[in-house]
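Data file: run.tsv. Format and content: TSV, C-alpha atoms (C1' of nucleotides).
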```
chain	number	residue	atom	x	y	z
A	28	MET	CA	-59.38	-51.75	-59.86
A	29	GLU	CA	-58.43	-48.74	-61.94
A	30	VAL	CA	-61.55	-49.25	-63.97
A	31	CYS	CA	-63.48	-49.06	-60.75
A	32	ILE	CA	-62.12	-45.75	-59.54
A	33	THR	CA	-62.20	-44.22	-63.00
A	34	SER	CA	-65.86	-44.95	-63.60
A	35	LEU	CA	-66.81	-44.15	-60.04
A	36	LEU	CA	-65.29	-40.70	-60.35
A	37	ARG	CA	-66.92	-40.09	-63.72
A	38	ASP	CA	-70.31	-41.28	-62.54
A	39	LYS	CA	-70.32	-38.81	-59.72
A	40	GLY	CA	-69.23	-35.95	-61.94
A	41	PHE	CA	-65.62	-35.83	-60.82
A	42	LYS	CA	-62.81	-35.69	-63.29
A	43	VAL	CA	-60.25	-38.43	-63.54
A	44	THR	CA	-56.83	-36.94	-62.99
A	45	PRO	CA	-53.39	-38.47	-62.67
A	46	GLN	CA	-53.12	-37.13	-59.13
A	47	ARG	CA	-56.28	-38.85	-58.02
A	48	LEU	CA	-55.26	-42.14	-59.53
A	49	ALA	CA	-51.81	-41.89	-58.00
A	50	ILE	CA	-53.18	-41.15	-54.56
A	51	TYR	CA	-55.69	-43.96	-54.68
A	52	ASN	CA	-53.17	-46.44	-56.06
A	53	MET	CA	-50.67	-45.57	-53.39
A	54	LEU	CA	-53.27	-45.93	-50.66
A	55	SER	CA	-54.67	-49.21	-51.94
A	56	SER	CA	-51.25	-50.78	-52.18
A	57	THR	CA	-50.10	-50.13	-48.65
A	58	LYS	CA	-51.02	-51.48	-45.25
A	59	SER	CA	-49.54	-48.57	-43.37
A	60	HIS	CA	-52.72	-46.52	-42.97
A	61	PRO	CA	-50.94	-43.31	-43.88
A	62	ASN	CA	-52.09	-39.82	-43.03
A	63	ALA	CA	-52.17	-36.99	-45.54
A	64	GLU	CA	-48.58	-36.01	-45.00
A	65	MET	CA	-47.30	-39.56	-45.42
A	66	ILE	CA	-49.18	-39.86	-48.69
A	67	PHE	CA	-47.83	-36.53	-49.79
A	68	ASN	CA	-44.24	-37.50	-49.00
A	69	GLU	CA	-44.58	-40.83	-50.71
A	70	LEU	CA	-45.74	-39.19	-53.94
A	71	GLN	CA	-43.20	-36.37	-53.87
A	72	ALA	CA	-40.71	-38.29	-55.98
A	73	MET	CA	-43.17	-39.12	-58.73
A	74	TYR	CA	-45.25	-35.93	-58.57
A	75	PRO	CA	-42.91	-33.21	-57.37
A	76	THR	CA	-45.42	-30.43	-57.92
A	77	MET	CA	-48.27	-32.04	-56.03
A	78	SER	CA	-49.53	-30.07	-53.10
A	79	LEU	CA	-50.79	-31.24	-49.75
A	80	ALA	CA	-54.10	-29.54	-50.46
A	81	THR	CA	-54.58	-31.88	-53.39
A	82	VAL	CA	-54.13	-34.86	-51.11
A	83	TYR	CA	-56.77	-33.53	-48.74
A	84	LYS	CA	-59.18	-32.65	-51.51
A	85	THR	CA	-58.72	-36.03	-53.11
A	86	MET	CA	-59.29	-37.86	-49.84
A	87	GLU	CA	-62.49	-35.91	-49.41
A	88	ILE	CA	-63.71	-37.10	-52.80
A	89	LEU	CA	-62.59	-40.68	-52.30
A	90	LYS	CA	-64.38	-40.76	-49.01
A	91	GLU	CA	-67.50	-39.36	-50.64
A	92	ILE	CA	-67.60	-41.99	-53.36
A	93	GLY	CA	-66.94	-44.73	-50.85
A	94	LEU	CA	-63.43	-45.75	-51.82
A	95	VAL	CA	-61.63	-44.90	-48.62
A	96	GLN	CA	-62.46	-44.66	-44.96
A	97	VAL	CA	-61.04	-42.16	-42.55
A	98	LEU	CA	-59.43	-43.51	-39.40
A	99	ASN	CA	-59.16	-41.74	-36.14
A	100	ALA	CA	-56.54	-43.57	-34.17
A	101	GLY	CA	-56.42	-41.05	-31.36
A	102	GLU	CA	-53.63	-39.07	-32.94
A	103	ASP	CA	-53.50	-35.47	-34.00
A	104	SER	CA	-54.07	-36.29	-37.65
A	105	PHE	CA	-56.39	-38.55	-39.59
A	106	ARG	CA	-55.29	-41.70	-41.34
A	107	TYR	CA	-56.78	-43.24	-44.45
A	108	ASP	CA	-57.58	-46.78	-45.44
A	109	ALA	CA	-58.61	-48.10	-48.85
A	110	VAL	CA	-59.97	-51.25	-47.23
A	111	MET	CA	-63.63	-50.51	-46.73
A	112	THR	CA	-64.61	-53.37	-44.46
A	113	ASN	CA	-65.09	-52.10	-40.98
A	114	HIS	CA	-62.34	-53.56	-38.85
A	115	PRO	CA	-60.58	-52.42	-35.68
A	116	HIS	CA	-57.10	-50.95	-35.64
A	117	VAL	CA	-54.32	-51.04	-33.14
A	118	ARG	CA	-51.64	-48.39	-32.77
A	119	CYS	CA	-48.26	-48.92	-31.22
A	120	THR	CA	-47.57	-46.14	-28.75
A	121	GLU	CA	-43.83	-46.69	-29.15
A	122	CYS	CA	-43.25	-46.64	-32.90
A	123	GLY	CA	-46.57	-45.17	-33.94
A	124	GLN	CA	-47.51	-47.71	-36.56
A	125	VAL	CA	-51.14	-48.58	-37.06
A	126	GLU	CA	-52.13	-52.13	-37.96
A	127	ASP	CA	-55.32	-53.97	-38.70
A	128	VAL	CA	-56.85	-56.21	-36.09
A	129	PRO	CA	-57.70	-59.37	-37.98
A	130	ASP	CA	-60.56	-61.80	-37.64
A	131	ILE	CA	-62.77	-60.06	-35.15
A	132	ASN	CA	-66.50	-60.36	-35.24
A	133	ILE	CA	-68.07	-57.05	-34.45
A	134	GLU	CA	-71.68	-57.68	-35.29
A	135	ALA	CA	-73.00	-58.98	-31.99
A	136	PHE	CA	-71.29	-56.10	-30.28
A	137	VAL	CA	-72.85	-53.54	-32.56
A	138	ASN	CA	-76.27	-55.04	-32.10
A	139	GLU	CA	-75.92	-54.90	-28.36
A	140	VAL	CA	-75.04	-51.22	-28.53
A	141	SER	CA	-77.88	-50.52	-30.90
A	142	GLN	CA	-80.38	-52.05	-28.52
A	143	GLY	CA	-78.84	-50.58	-25.40
A	144	THR	CA	-78.79	-47.01	-26.67
A	145	LYS	CA	-81.83	-46.86	-28.97
A	146	TYR	CA	-79.56	-45.11	-31.42
A	147	GLN	CA	-79.77	-45.93	-35.08
A	148	ILE	CA	-76.12	-46.93	-35.39
A	149	MET	CA	-74.57	-45.88	-38.70
A	150	GLY	CA	-70.99	-46.85	-38.06
A	151	GLN	CA	-68.30	-47.24	-35.48
A	152	GLN	CA	-64.61	-47.16	-34.91
A	153	PHE	CA	-62.64	-49.27	-32.52
A	154	TYR	CA	-59.06	-48.54	-31.85
A	155	PHE	CA	-56.68	-50.10	-29.46
A	156	HIS	CA	-53.33	-48.85	-28.37
A	157	GLY	CA	-50.46	-50.77	-26.92
A	158	ILE	CA	-46.99	-52.01	-27.70
A	159	CYS	CA	-46.28	-53.98	-30.83
A	160	PRO	CA	-44.27	-57.22	-30.72
A	161	ALA	CA	-41.15	-55.58	-32.15
A	162	CYS	CA	-41.17	-52.76	-29.62
A	163	GLN	CA	-41.83	-55.22	-26.79
A	164	ARG	CA	-38.63	-57.01	-27.75
A	165	LYS	CA	-36.68	-53.77	-27.99
A	166	LYS	CA	-37.82	-52.75	-24.53
A	167	SER	CA	-36.92	-56.03	-22.87
A	168	ASN	CA	-33.30	-55.68	-23.99
B	26	MET	CA	-64.35	-35.83	-4.09
B	27	GLU	CA	-62.72	-32.46	-3.56
B	28	VAL	CA	-60.45	-34.03	-1.03
B	29	CYS	CA	-59.41	-36.44	-3.68
B	30	ILE	CA	-58.45	-33.91	-6.33
B	31	THR	CA	-56.82	-31.60	-3.82
B	32	SER	CA	-54.52	-34.21	-2.39
B	33	LEU	CA	-53.86	-35.77	-5.77
B	34	LEU	CA	-52.67	-32.45	-7.13
B	35	ARG	CA	-50.51	-31.77	-4.09
B	36	ASP	CA	-49.00	-35.22	-4.09
B	37	LYS	CA	-47.83	-34.83	-7.66
B	38	GLY	CA	-46.38	-31.40	-7.02
B	39	PHE	CA	-49.13	-29.38	-8.65
B	40	LYS	CA	-50.70	-26.45	-6.91
B	41	VAL	CA	-54.34	-26.40	-5.98
B	42	THR	CA	-55.99	-23.42	-7.62
B	43	PRO	CA	-59.60	-22.29	-7.88
B	44	GLN	CA	-59.48	-22.71	-11.66
B	45	ARG	CA	-58.45	-26.33	-11.43
B	46	LEU	CA	-61.12	-27.14	-8.89
B	47	ALA	CA	-63.76	-25.34	-10.93
B	48	ILE	CA	-62.83	-27.16	-14.11
B	49	TYR	CA	-62.81	-30.55	-12.45
B	50	ASN	CA	-66.06	-29.91	-10.62
B	51	MET	CA	-67.76	-28.80	-13.77
B	52	LEU	CA	-66.55	-31.86	-15.65
B	53	SER	CA	-67.44	-34.33	-12.96
B	54	SER	CA	-70.97	-33.01	-12.63
B	55	THR	CA	-71.95	-33.28	-16.28
B	56	LYS	CA	-72.70	-36.12	-18.62
B	57	SER	CA	-72.20	-34.07	-21.74
B	58	HIS	CA	-68.56	-35.00	-22.44
B	59	PRO	CA	-67.64	-31.40	-23.22
B	60	ASN	CA	-64.64	-30.27	-25.20
B	61	ALA	CA	-62.29	-27.51	-24.09
B	62	GLU	CA	-64.38	-24.75	-25.54
B	63	MET	CA	-67.59	-25.99	-23.96
B	64	ILE	CA	-65.89	-26.11	-20.57
B	65	PHE	CA	-64.53	-22.64	-21.16
B	66	ASN	CA	-67.94	-21.24	-22.06
B	67	GLU	CA	-69.61	-22.91	-19.13
B	68	LEU	CA	-67.17	-21.31	-16.68
B	69	GLN	CA	-67.19	-17.87	-18.28
B	70	ALA	CA	-69.97	-16.61	-16.03
B	71	MET	CA	-68.29	-17.65	-12.81
B	72	TYR	CA	-64.68	-17.04	-13.87
B	73	PRO	CA	-64.79	-14.24	-16.43
B	74	THR	CA	-61.04	-13.93	-16.61
B	75	MET	CA	-60.30	-17.57	-17.23
B	76	SER	CA	-58.54	-18.30	-20.49
B	77	LEU	CA	-58.93	-21.23	-22.84
B	78	ALA	CA	-55.25	-22.01	-22.38
B	79	THR	CA	-55.91	-22.64	-18.72
B	80	VAL	CA	-58.56	-25.17	-19.60
B	81	TYR	CA	-56.12	-27.01	-21.86
B	82	LYS	CA	-53.32	-26.89	-19.33
B	83	THR	CA	-55.61	-28.12	-16.60
B	84	MET	CA	-56.92	-30.98	-18.69
B	85	GLU	CA	-53.34	-32.01	-19.35
B	86	ILE	CA	-52.68	-32.17	-15.62
B	87	LEU	CA	-55.95	-33.92	-14.80
B	88	LYS	CA	-55.20	-36.48	-17.44
B	89	GLU	CA	-51.72	-36.99	-16.03
B	90	ILE	CA	-52.93	-37.61	-12.50
B	91	GLY	CA	-55.63	-39.94	-13.75
B	92	LEU	CA	-58.73	-37.90	-13.04
B	93	VAL	CA	-60.02	-37.49	-16.57
B	94	GLN	CA	-59.85	-39.38	-19.80
B	95	VAL	CA	-59.63	-37.84	-23.23
B	96	LEU	CA	-62.23	-38.92	-25.76
B	97	ASN	CA	-61.79	-38.93	-29.46
B	98	ALA	CA	-65.24	-39.18	-30.95
B	99	GLY	CA	-64.11	-38.60	-34.50
B	100	GLU	CA	-64.60	-34.87	-34.35
B	101	ASP	CA	-62.14	-32.07	-34.84
B	102	SER	CA	-61.72	-31.49	-31.13
B	103	PHE	CA	-61.19	-33.67	-28.09
B	104	ARG	CA	-63.78	-34.25	-25.43
B	105	TYR	CA	-63.18	-34.96	-21.77
B	106	ASP	CA	-64.76	-37.33	-19.30
B	107	ALA	CA	-64.32	-37.46	-15.53
B	108	VAL	CA	-65.61	-41.02	-15.49
B	109	MET	CA	-62.52	-43.16	-15.66
B	110	THR	CA	-64.06	-46.56	-16.34
B	111	ASN	CA	-63.45	-47.49	-19.91
B	112	HIS	CA	-66.78	-47.49	-21.68
B	113	PRO	CA	-67.82	-46.90	-25.28
B	114	HIS	CA	-69.42	-43.69	-26.48
B	115	VAL	CA	-71.94	-42.95	-29.16
B	116	ARG	CA	-72.22	-39.67	-31.01
B	117	CYS	CA	-75.33	-38.42	-32.75
B	118	THR	CA	-74.42	-37.20	-36.22
B	119	GLU	CA	-77.48	-34.94	-36.25
B	120	CYS	CA	-77.26	-33.00	-33.00
B	121	GLY	CA	-73.68	-33.79	-32.11
B	122	GLN	CA	-74.22	-34.96	-28.57
B	123	VAL	CA	-72.03	-37.70	-27.16
B	124	GLU	CA	-73.48	-40.23	-24.74
B	125	ASP	CA	-72.22	-43.20	-22.80
B	126	VAL	CA	-72.97	-46.68	-23.98
B	127	PRO	CA	-74.13	-48.49	-20.84
B	128	ASP	CA	-73.69	-52.05	-19.72
B	129	ILE	CA	-71.34	-53.41	-22.28
B	130	ASN	CA	-68.76	-56.02	-21.45
B	131	ILE	CA	-65.55	-55.27	-23.26
B	132	GLU	CA	-63.16	-57.69	-21.64
B	133	ALA	CA	-63.58	-60.72	-23.85
B	134	PHE	CA	-63.24	-58.48	-26.86
B	135	VAL	CA	-60.02	-56.94	-25.60
B	136	ASN	CA	-58.58	-60.35	-24.85
B	137	GLU	CA	-59.35	-61.55	-28.32
B	138	VAL	CA	-57.57	-58.57	-29.81
B	139	SER	CA	-54.62	-59.03	-27.52
B	140	GLN	CA	-54.19	-62.62	-28.62
B	141	GLY	CA	-54.85	-61.94	-32.28
B	142	THR	CA	-52.35	-59.13	-32.62
B	143	LYS	CA	-49.64	-60.09	-30.12
B	144	TYR	CA	-49.77	-56.49	-29.00
B	145	GLN	CA	-49.56	-55.66	-25.34
B	146	ILE	CA	-52.84	-53.76	-25.24
B	147	MET	CA	-52.74	-50.75	-22.93
B	148	GLY	CA	-56.12	-49.27	-23.71
B	149	GLN	CA	-58.79	-48.79	-26.30
B	150	GLN	CA	-61.52	-46.52	-27.44
B	151	PHE	CA	-64.76	-47.53	-29.06
B	152	TYR	CA	-66.99	-44.98	-30.57
B	153	PHE	CA	-70.17	-45.38	-32.46
B	154	HIS	CA	-72.02	-42.85	-34.50
B	155	GLY	CA	-75.61	-42.76	-35.51
B	156	ILE	CA	-78.86	-40.98	-34.86
B	157	CYS	CA	-80.18	-40.51	-31.36
B	158	PRO	CA	-83.82	-41.28	-30.49
B	159	ALA	CA	-84.80	-37.61	-30.36
B	160	CYS	CA	-83.34	-36.88	-33.78
B	161	GLN	CA	-84.93	-40.00	-35.23
B	162	ARG	CA	-88.30	-38.65	-34.18
B	163	LYS	CA	-87.57	-35.22	-35.59
B	164	LYS	CA	-86.62	-36.73	-38.93
B	165	SER	CA	-89.72	-38.89	-39.23
B	166	ASN	CA	-91.97	-35.84	-38.91
C	16	DA	C1'	-44.47	-11.99	6.68
C	17	DA	C1'	-41.30	-13.38	3.30
C	18	DC	C1'	-39.62	-16.40	-0.05
C	19	DT	C1'	-39.79	-19.53	-3.83
C	20	DA	C1'	-41.74	-21.94	-7.36
C	21	DC	C1'	-45.67	-22.80	-9.76
C	22	DT	C1'	-49.59	-20.93	-12.25
C	23	DC	C1'	-52.67	-17.65	-14.73
C	24	DG	C1'	-53.98	-15.32	-18.62
C	25	DA	C1'	-52.77	-12.62	-22.75
C	26	DT	C1'	-50.51	-13.26	-26.82
C	27	DA	C1'	-47.91	-15.47	-30.24
C	28	DA	C1'	-46.69	-19.71	-32.41
C	29	DT	C1'	-47.67	-24.20	-34.32
C	30	DT	C1'	-50.00	-27.77	-36.67
C	31	DG	C1'	-53.46	-30.13	-39.32
C	32	DT	C1'	-56.84	-28.98	-42.51
C	33	DT	C1'	-59.71	-26.04	-45.58
C	34	DT	C1'	-60.50	-22.28	-48.63
C	35	DT	C1'	-59.52	-19.03	-52.33
C	36	DC	C1'	-58.00	-17.93	-56.72
C	37	DT	C1'	-56.33	-18.52	-61.42
C	38	DA	C1'	-53.98	-20.98	-65.05
C	39	DT	C1'	-54.68	-25.36	-66.90
C	40	DA	C1'	-56.18	-29.92	-67.95
C	41	DA	C1'	-60.14	-33.10	-68.66
C	42	DA	C1'	-64.58	-33.96	-70.68
C	43	DA	C1'	-68.11	-32.62	-73.82
C	44	DA	C1'	-69.59	-30.44	-77.95
C	45	DA	C1'	-68.95	-29.20	-82.52
D	13	DT	C1'	-59.68	-32.75	-84.32
D	14	DT	C1'	-60.80	-28.42	-82.72
D	15	DT	C1'	-63.45	-25.73	-79.76
D	16	DT	C1'	-65.92	-24.90	-75.67
D	17	DT	C1'	-67.13	-25.80	-71.14
D	18	DT	C1'	-66.25	-26.93	-66.52
D	19	DA	C1'	-63.77	-28.95	-62.87
D	20	DT	C1'	-59.19	-29.22	-60.94
D	21	DA	C1'	-54.22	-28.52	-59.37
D	22	DG	C1'	-51.33	-26.01	-56.91
D	23	DA	C1'	-49.71	-21.83	-54.40
D	24	DA	C1'	-50.80	-19.08	-50.84
D	25	DA	C1'	-53.77	-17.40	-47.41
D	26	DA	C1'	-57.16	-18.53	-43.98
D	27	DC	C1'	-58.75	-21.24	-40.18
D	28	DA	C1'	-59.38	-23.77	-35.95
D	29	DA	C1'	-57.66	-26.50	-32.24
D	30	DT	C1'	-53.94	-26.80	-29.42
D	31	DT	C1'	-49.41	-25.56	-27.38
D	32	DA	C1'	-45.67	-22.54	-25.99
D	33	DT	C1'	-43.91	-18.10	-24.06
D	34	DC	C1'	-43.54	-14.74	-20.62
D	35	DG	C1'	-44.37	-11.40	-17.00
D	36	DA	C1'	-47.33	-10.59	-13.06
D	37	DG	C1'	-49.55	-12.76	-9.40
D	38	DT	C1'	-50.61	-16.41	-6.05
D	39	DA	C1'	-50.25	-20.93	-3.39
D	40	DG	C1'	-47.63	-23.34	-0.22
D	41	DT	C1'	-43.68	-23.40	2.66
D	42	DT	C1'	-40.44	-21.47	6.15
```

Spit out the file's structure as structure tokens when you get a sec.
Amino acid sequence: MEVCITSLLRDKGFKVTPQRLAIYNMLSSTKSHPNAEMIFNELQAMYPTMSLATVYKTMEILKEIGLVQVLNAGEDSFRYDAVMTNHPHVRCTECGQVEDVPDINIEAFVNEVSQGTKYQIMGQQFYFHGICPACQRKKSN
Amino acid sequence: MEVCITSLLRDKGFKVTPQRLAIYNMLSSTKSHPNAEMIFNELQAMYPTMSLATVYKTMEILKEIGLVQVLNAGEDSFRYDAVMTNHPHVRCTECGQVEDVPDINIEAFVNEVSQGTKYQIMGQQFYFHGICPACQRKKSN
DNA sequence: AACTACTCGATAATTGTTTTCTATAAAAAA
DNA sequence: TTTTTTATAGAAAACAATTATCGAGTAGTT
């Protein structure tokens, strides 16, 4: 995996820096779909001098070289995902966590939209919001 | 329609003002899914003293009483829609326009997600991006 | 008409994100 | 390895969308 990001950066003329590796490693080892600030906080301990601007600039690059996708879960900030397969997400309106929606087949749906709109569809994002199992339990008590 | 918004506002304890009526009328008579600034610009001629803050405050109220929905088409600003049925939207990455995706049945899809995630799904937003027919033509010339 | 509470609009504040600038670190060249 | 080149990190300022504040004005009620 590290080989992958290292050569991808080099190939596109970007330099390989500890910050970039750290950010990508952190992102690819979590399922929490963090936003820039969450990434920043997470790396504070290990990289105390890192700035939020570096996180943003790095995400921009990682997006450009196709290593992360940007999620828009209807919040006021963007979240990031190192899983590049296009899958829906669901956000809990109580606790705010964002999870993957597993095992959903999108293709037929996308085709239908493509035909119905005459658009050349390049991508899509589906997000659901609701109450996660844990918060449902909390509320019923 | 005006009866509807007037009484809805009153019933919820909001006052009926010319600004609110103008904003809602403008929104309900367009298919362009404008954002706050577009609404503001559109109403400048008729209401030269109206402020952008009023547009935002009004949208907040209209959302609260269920007359508009807020769209998040992956841009840096929110768009608004007076059509309350939940339907997908598609944005052209060339010209930026946002259109409705007609005649799509979402229900089965939502059910599948509900069962797969154990979430109590309260709502969802689907947005697609791609190139609209007009821009496709422009590009091929 | 008078009263009360809500609202408007100007302005300031806030928040997420981007840009600018310069010392420095990474890659290339020697 | 040393030197040279070039991109980058980080601090701070800039920005853009949105929200909050506040005094004057207006809608709705009495």

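Distance-wise, CA of Asp125 (chain B) and CA of Pro113 (chain B) end up 6.3 Å apart.
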
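Pairwise distance (CA of Tyr81 (chain B), CA of Leu33 (chain B)) equals 18.5 Å.
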
Write down, as an MDAnalysis selection string, each residue of chain B that has any atom within 12 Å of an atom of chain C, counting all atoms listed in the file. chainID B and resid 35 38:45 72:80 82:83 101:102

Leaving out Gln142 (chain A) and any residue of its chain fewer than 3 positions from it, which residues lie within 12 Å of it when counting all atoms listed in the file, given as a compact mmCIF listing (two decimals) with C-alpha atoms, keeping the file's coordinate frame?
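Output (result-v7.txt):
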```
# COMPACT_ATOMS: atom_id res chain seq x y z
CA ALA A 135 -73.00 -58.98 -31.99
CA PHE A 136 -71.29 -56.10 -30.28
CA VAL A 137 -72.85 -53.54 -32.56
CA ASN A 138 -76.27 -55.04 -32.10
CA GLU A 139 -75.92 -54.90 -28.36
CA LYS A 145 -81.83 -46.86 -28.97
CA TYR A 146 -79.56 -45.11 -31.42
CA GLN A 147 -79.77 -45.93 -35.08
CA ILE A 148 -76.12 -46.93 -35.39
CA VAL B 126 -72.97 -46.68 -23.98
CA PRO B 127 -74.13 -48.49 -20.84
CA ASP B 128 -73.69 -52.05 -19.72
CA ILE B 129 -71.34 -53.41 -22.28
CA CYS B 157 -80.18 -40.51 -31.36
CA PRO B 158 -83.82 -41.28 -30.49
```

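Nearest-residue note for Gly155 (chain B): choosing from B:Ile131, B:Ala98, B:Ile48, B:Met109, the minimum distance belongs to B:Ala98, counting all atoms listed in the file.
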
Quick one: of D:DG22, D:DT15, D:DC27, D:DT41, who's nearest to chain A, counting all atoms listed in the file? D:DG22

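Cα RMSD of chain A against chain B, computed after a least-squares overlay on all Cα atoms in order: 0.0 Å.
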
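The closest residue to chain A, picked from B:Gly99, B:Arg162, B:His114, B:Glu132 and counting all atoms listed in the file, is B:Gly99.
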
The residue from B:Pro59, B:Gly141, B:Gly91, B:Gly121 with the smallest atom-to-atom distance to chain A, counting all atoms listed in the file, is B:Gly141

What would region 106-127 of chain A look like with N, CA and C atoms restored, written as a short mmCIF file (atom, residue, chain, number, x, y, z; two decimals), in the frame of the given file?
```cif
data_model
loop_
_atom_site.label_atom_id
_atom_site.label_comp_id
_atom_site.auth_asym_id
_atom_site.auth_seq_id
_atom_site.Cartn_x
_atom_site.Cartn_y
_atom_site.Cartn_z
N ARG A 106 -55.91 -40.74 -40.44
CA ARG A 106 -55.29 -41.70 -41.34
C ARG A 106 -56.33 -42.20 -42.31
N TYR A 107 -55.86 -42.80 -43.41
CA TYR A 107 -56.78 -43.24 -44.45
C TYR A 107 -56.55 -44.70 -44.78
N ASP A 108 -57.65 -45.35 -45.16
CA ASP A 108 -57.58 -46.78 -45.44
C ASP A 108 -58.43 -47.06 -46.67
N ALA A 109 -57.85 -47.76 -47.64
CA ALA A 109 -58.61 -48.10 -48.85
C ALA A 109 -59.39 -49.40 -48.67
N VAL A 110 -59.17 -50.06 -47.54
CA VAL A 110 -59.97 -51.25 -47.23
C VAL A 110 -61.24 -50.77 -46.56
N MET A 111 -62.37 -51.09 -47.20
CA MET A 111 -63.63 -50.51 -46.73
C MET A 111 -64.38 -51.36 -45.71
N THR A 112 -63.95 -52.59 -45.49
CA THR A 112 -64.61 -53.37 -44.46
C THR A 112 -64.29 -52.75 -43.11
N ASN A 113 -65.28 -52.75 -42.25
CA ASN A 113 -65.09 -52.10 -40.98
C ASN A 113 -64.37 -53.02 -40.00
N HIS A 114 -63.13 -52.73 -39.74
CA HIS A 114 -62.34 -53.56 -38.85
C HIS A 114 -61.58 -52.68 -37.86
N PRO A 115 -61.30 -53.20 -36.69
CA PRO A 115 -60.58 -52.42 -35.68
C PRO A 115 -59.12 -52.22 -36.05
N HIS A 116 -58.52 -51.23 -35.43
CA HIS A 116 -57.10 -50.95 -35.64
C HIS A 116 -56.39 -50.85 -34.31
N VAL A 117 -55.11 -51.14 -34.36
CA VAL A 117 -54.32 -51.04 -33.14
C VAL A 117 -53.07 -50.23 -33.44
N ARG A 118 -52.79 -49.28 -32.57
CA ARG A 118 -51.64 -48.39 -32.77
C ARG A 118 -50.59 -48.64 -31.71
N CYS A 119 -49.37 -48.75 -32.16
CA CYS A 119 -48.26 -48.92 -31.22
C CYS A 119 -47.85 -47.56 -30.67
N THR A 120 -47.89 -47.43 -29.35
CA THR A 120 -47.57 -46.14 -28.75
C THR A 120 -46.07 -45.87 -28.75
N GLU A 121 -45.28 -46.88 -29.10
CA GLU A 121 -43.83 -46.69 -29.15
C GLU A 121 -43.40 -46.20 -30.53
N CYS A 122 -43.73 -46.98 -31.56
CA CYS A 122 -43.25 -46.64 -32.90
C CYS A 122 -44.32 -45.94 -33.74
N GLY A 123 -45.54 -45.93 -33.25
CA GLY A 123 -46.57 -45.17 -33.94
C GLY A 123 -47.27 -45.86 -35.09
N GLN A 124 -46.86 -47.05 -35.43
CA GLN A 124 -47.51 -47.71 -36.56
C GLN A 124 -48.93 -48.14 -36.21
N VAL A 125 -49.75 -48.17 -37.24
CA VAL A 125 -51.14 -48.58 -37.06
C VAL A 125 -51.39 -49.83 -37.90
N GLU A 126 -51.89 -50.87 -37.26
CA GLU A 126 -52.13 -52.13 -37.96
C GLU A 126 -53.60 -52.53 -37.88
N ASP A 127 -53.98 -53.41 -38.76
CA ASP A 127 -55.32 -53.97 -38.70
C ASP A 127 -55.41 -55.01 -37.60
#
```
